[in-house]
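As structure tokens, the structure follows; a few thoughts come after it.
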Amino acid sequence: MISIEVLPRLGPTVADYPPGSAFGPREARSYQFVWLLRGSATWVWDDVLLPLVPGKLLLIRPGMRDSFRWDPHTMTRHAYVHFTLDGHGRPDWPLVRDLTGRHDPMGALCRYLLWLGSECPPGWRAQAGETLRLLVLTFLAGPSPAELTPAALPEPVVEMMHAAREHWADGVARPIPMRQLAAAAQVSASTLCRTFRRRFGIGPIAAIELLRLTRAEPLLWQSNLSMQAIAVQCGFADAYHFSRRFRAIYRMAPTTFRVTEPENAPPSPVKSGGLAALQSLLPSTHGHLADAGAPSTSRHQ
């Protein structure tokens, strides 16, 4: 269970910046949610330049060296809150979410946080911590099903995934070189990397590897394939390489994952980073299970 504590004197509150002002670069020491109420801004982190407007919620993680460039023409008002979070954030956590989804509670949670910070009712800090916990969980859960459509993805990403689908049509999820991904997307490799980072928080090669590893889940739970055979199906050279990468992402060996009940298993890495939209563009592994030694009955079915 995620435990969150609001940092004293660091929100939830609002700040105003005059036109053309900037903040940073600085190294973030805590988690921080930022959302604009008026004006616009550009958030800069490494090679990521992320435009911010009202209706977008940004999550900054400790250790990020970032800066803000506020609207050059009008005053910018933004809301923010700093907090601690037990454990460590994953590098594939999203950077930004839309607050305007019809069935999305994040906008209401942000408004309630600001009310708590301005009115300070009895016990407000504990309420703010619980509200933040719900906000973080909702933020990490990903967009609503209506937003998980190919139309919601940048066109270069969709074209790249169409090429991956053809590449994996025989059921083997092989690695795909960056130059081939960029050629399919009809953009440069650097442009494709920036597009991916803005949308998913990670690069295309890392995203492809997560998708390949995720394809091992049904093969582990619903087939009699050996680790070597599963490694080959997921595009790894051998069982050792597959096991090493699987453990790095799932924090569990694939042999242990195989005997773990789904409700107790680590979450799929494509869920927290919003990569499910990419997964929907790929062929399912289920159609290949019949040829992969799948048992006729399974305790996981």
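To be explicit about the labels: the chains of the structure tokens are called A, B, and onward in the order shown, and within each one the residues are counted from 1, while ligands get numbers from 1 in the order they are shown.
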Quiz item: So which bits of range 51-274 of chain A end up helix (DSSP H, G or I) when you DSSP the backbone, as a ChimeraX atom specification?
Solution: /A:106-119,124-141,145-147,150-152,155-167,178-185,189-200,204-214,216-221,227-233,239-250,254-258,262-264,269-272
Exercise. Could you give me, as a VMD selection string, the residues within 8 Å of Gln233 in chain A, counting only C-alpha atoms and dropping anything in the same chain fewer than 5 positions from it?
Key: chain A and resid 171 to 174 216
Proximity check range 6-41 of chain A to range 105-108 of chain A, 12 Å, nearest pairs one decimal Å, only C-alpha atoms, as JSON lines:
```
{"residue": "A:Phe33", "atom": "CA", "partner": "A:Met106", "partner_atom": "CA", "distance": 11.5}
{"residue": "A:Trp35", "atom": "CA", "partner": "A:Gly107", "partner_atom": "CA", "distance": 9.8}
{"residue": "A:Leu36", "atom": "CA", "partner": "A:Gly107", "partner_atom": "CA", "distance": 11.6}
{"residue": "A:Leu37", "atom": "CA", "partner": "A:Gly107", "partner_atom": "CA", "distance": 11.4}
```
Practice problem: Go through A:Pro266, A:Glu27, A:Asp46, A:Ser40 one by one, measure the shortest atom-to-atom distance of each to Gly63 in chain A using only C-alpha atoms, and give the residue with the smallest value. | Solution: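 Smallest separation from Gly63 in chain A among the options: A:Glu27.
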Quiz prompt | Within 10 Å of Leu220 in chain A using only C-alpha atoms, minus same-chain residues under 6 positions, as a PyMOL selection string | solution = chain A and resi 226-227+230+254-259+294
Practice problem: Using only C-alpha atoms, determine which residues lie at most 6 Å from Ser67 in chain A, disregarding the query and same-chain residues fewer than 4 positions distant; provide the list as a list in words. | Solution: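 My list of contacting residues is Phe23, Gly24, Pro25, Trp43 and Val44 of chain A.
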Hey, can you spit out that residue selection with C-alpha atoms as a PDB file, in the first residue's frame?
```
ATOM      1  CA  PHE A  23      12.456  28.689 -12.531  1.00  0.00           C
ATOM      2  CA  GLY A  24      15.459  26.360 -12.380  1.00  0.00           C
ATOM      3  CA  PRO A  25      17.320  24.382 -13.292  1.00  0.00           C
ATOM      4  CA  TRP A  43       8.722  22.002 -18.499  1.00  0.00           C
ATOM      5  CA  VAL A  44      12.282  20.948 -19.384  1.00  0.00           C
TER       6      VAL A  44
END
```
Please report as JSON lines every residue of range 10-52 of chain A lying within 12 Å of range 126-140 of chain A, along with the nearest atom pair and their distance in Å (one decimal), using only C-alpha atoms.
```
{"residue": "A:Gly11", "atom": "CA", "partner": "A:Ala128", "partner_atom": "CA", "distance": 9.8}
{"residue": "A:Pro12", "atom": "CA", "partner": "A:Ala128", "partner_atom": "CA", "distance": 8.3}
{"residue": "A:Thr13", "atom": "CA", "partner": "A:Ala128", "partner_atom": "CA", "distance": 11.7}
{"residue": "A:Tyr31", "atom": "CA", "partner": "A:Val136", "partner_atom": "CA", "distance": 10.4}
{"residue": "A:Gln32", "atom": "CA", "partner": "A:Leu132", "partner_atom": "CA", "distance": 10.5}
{"residue": "A:Phe33", "atom": "CA", "partner": "A:Val136", "partner_atom": "CA", "distance": 9.2}
```
Quiz prompt | range 49-58 of chain A environment, 10 Å, only C-alpha atoms, sequence neighbours closer than 6 positions dropped, as a PyMOL selection string | solution = chain A and resi 32-43+66-71+76-80+94-101+106-107+110+139+194-195+197-199
Self-check item: Distance of CA of Arg165 in chain A from CA of Gln279 in chain A, expressed in Å to one decimal place
Solution: 9.8 Å
Practice problem: Excluding range 5-9 of chain A and any residue of its chain fewer than 2 positions from it, enumerate the residues within 8 Å of it, using only C-alpha atoms, and give them as a ChimeraX atom specification. | Solution: /A:3,11,81-85,125,128-129
Output of the above residues as a compact mmCIF listing (two decimals), in the first residue's frame, restricted to N, CA, C and O atoms:
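Output below, filename again_10.txt:
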```
# COMPACT_ATOMS: atom_id res chain seq x y z
N SER A 3 2.15 4.81 0.87
CA SER A 3 2.05 5.73 2.00
C SER A 3 2.62 7.07 1.57
O SER A 3 3.73 7.14 1.04
N GLY A 11 2.84 23.26 -0.07
CA GLY A 11 1.57 22.97 -0.69
C GLY A 11 0.71 22.03 0.14
O GLY A 11 1.14 21.57 1.20
N VAL A 81 1.99 20.73 -5.07
CA VAL A 81 2.11 20.10 -3.76
C VAL A 81 3.30 19.17 -3.78
O VAL A 81 3.50 18.42 -4.73
N HIS A 82 4.14 19.26 -2.76
CA HIS A 82 5.30 18.37 -2.61
C HIS A 82 4.96 17.30 -1.58
O HIS A 82 4.28 17.58 -0.58
N PHE A 83 5.47 16.09 -1.81
CA PHE A 83 5.16 15.01 -0.88
C PHE A 83 6.23 13.92 -0.95
O PHE A 83 7.02 13.85 -1.90
N THR A 84 6.26 13.11 0.09
CA THR A 84 7.11 11.93 0.10
C THR A 84 6.25 10.71 -0.20
O THR A 84 5.04 10.71 0.04
N LEU A 85 6.89 9.69 -0.71
CA LEU A 85 6.20 8.46 -1.09
C LEU A 85 7.10 7.30 -0.73
O LEU A 85 8.29 7.31 -1.06
N ARG A 125 -4.15 17.92 7.17
CA ARG A 125 -2.93 17.35 6.60
C ARG A 125 -3.09 15.85 6.36
O ARG A 125 -2.63 15.32 5.34
N ALA A 128 -5.26 15.52 3.37
CA ALA A 128 -4.49 15.81 2.16
C ALA A 128 -3.63 14.63 1.76
O ALA A 128 -3.48 14.31 0.57
N GLY A 129 -3.03 13.95 2.76
CA GLY A 129 -2.22 12.78 2.46
C GLY A 129 -3.04 11.67 1.82
O GLY A 129 -2.60 11.03 0.86
```
Quiz item: Using the chain letters and numbers from this document, which residues of range 50-299 of chain A does DSSP assign to strand (DSSP E), as a count of residues only?
Solution: 27
Practice problem: Excluding range 244-248 of chain A and any residue of its chain fewer than 3 positions from it, enumerate the residues within 10 Å of it, using only C-alpha atoms, and give them as a list in words. | Solution: Glu209, Leu210, Arg212, Leu213, Thr214, Ala216, Ala231, Phe236, Ala239, Tyr240, His241, Arg251, Met252, Ala253, Pro254, Thr255, Thr256 and Phe257 of chain A
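The residue that comes closest to Gln228 in chain A, out of A:Met161, A:His167, A:Cys193, A:Phe242 and on the basis of only C-alpha atoms, is A:Phe242.
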Quiz item: From the list A:Trp115, A:Ala277, A:Trp168, A:His73, which residue is nearest Ala207 in chain A when using only C-alpha atoms?
Solution: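 Closest candidate: A:Ala277.
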Self-check item: Pick from A:Met64, A:Leu59, A:Val232, A:Ile2 nearest to Ala28 in chain A, counting only C-alpha atoms
Solution: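 Counting only C-alpha atoms, the residue closest to Ala28 in chain A is A:Met64.
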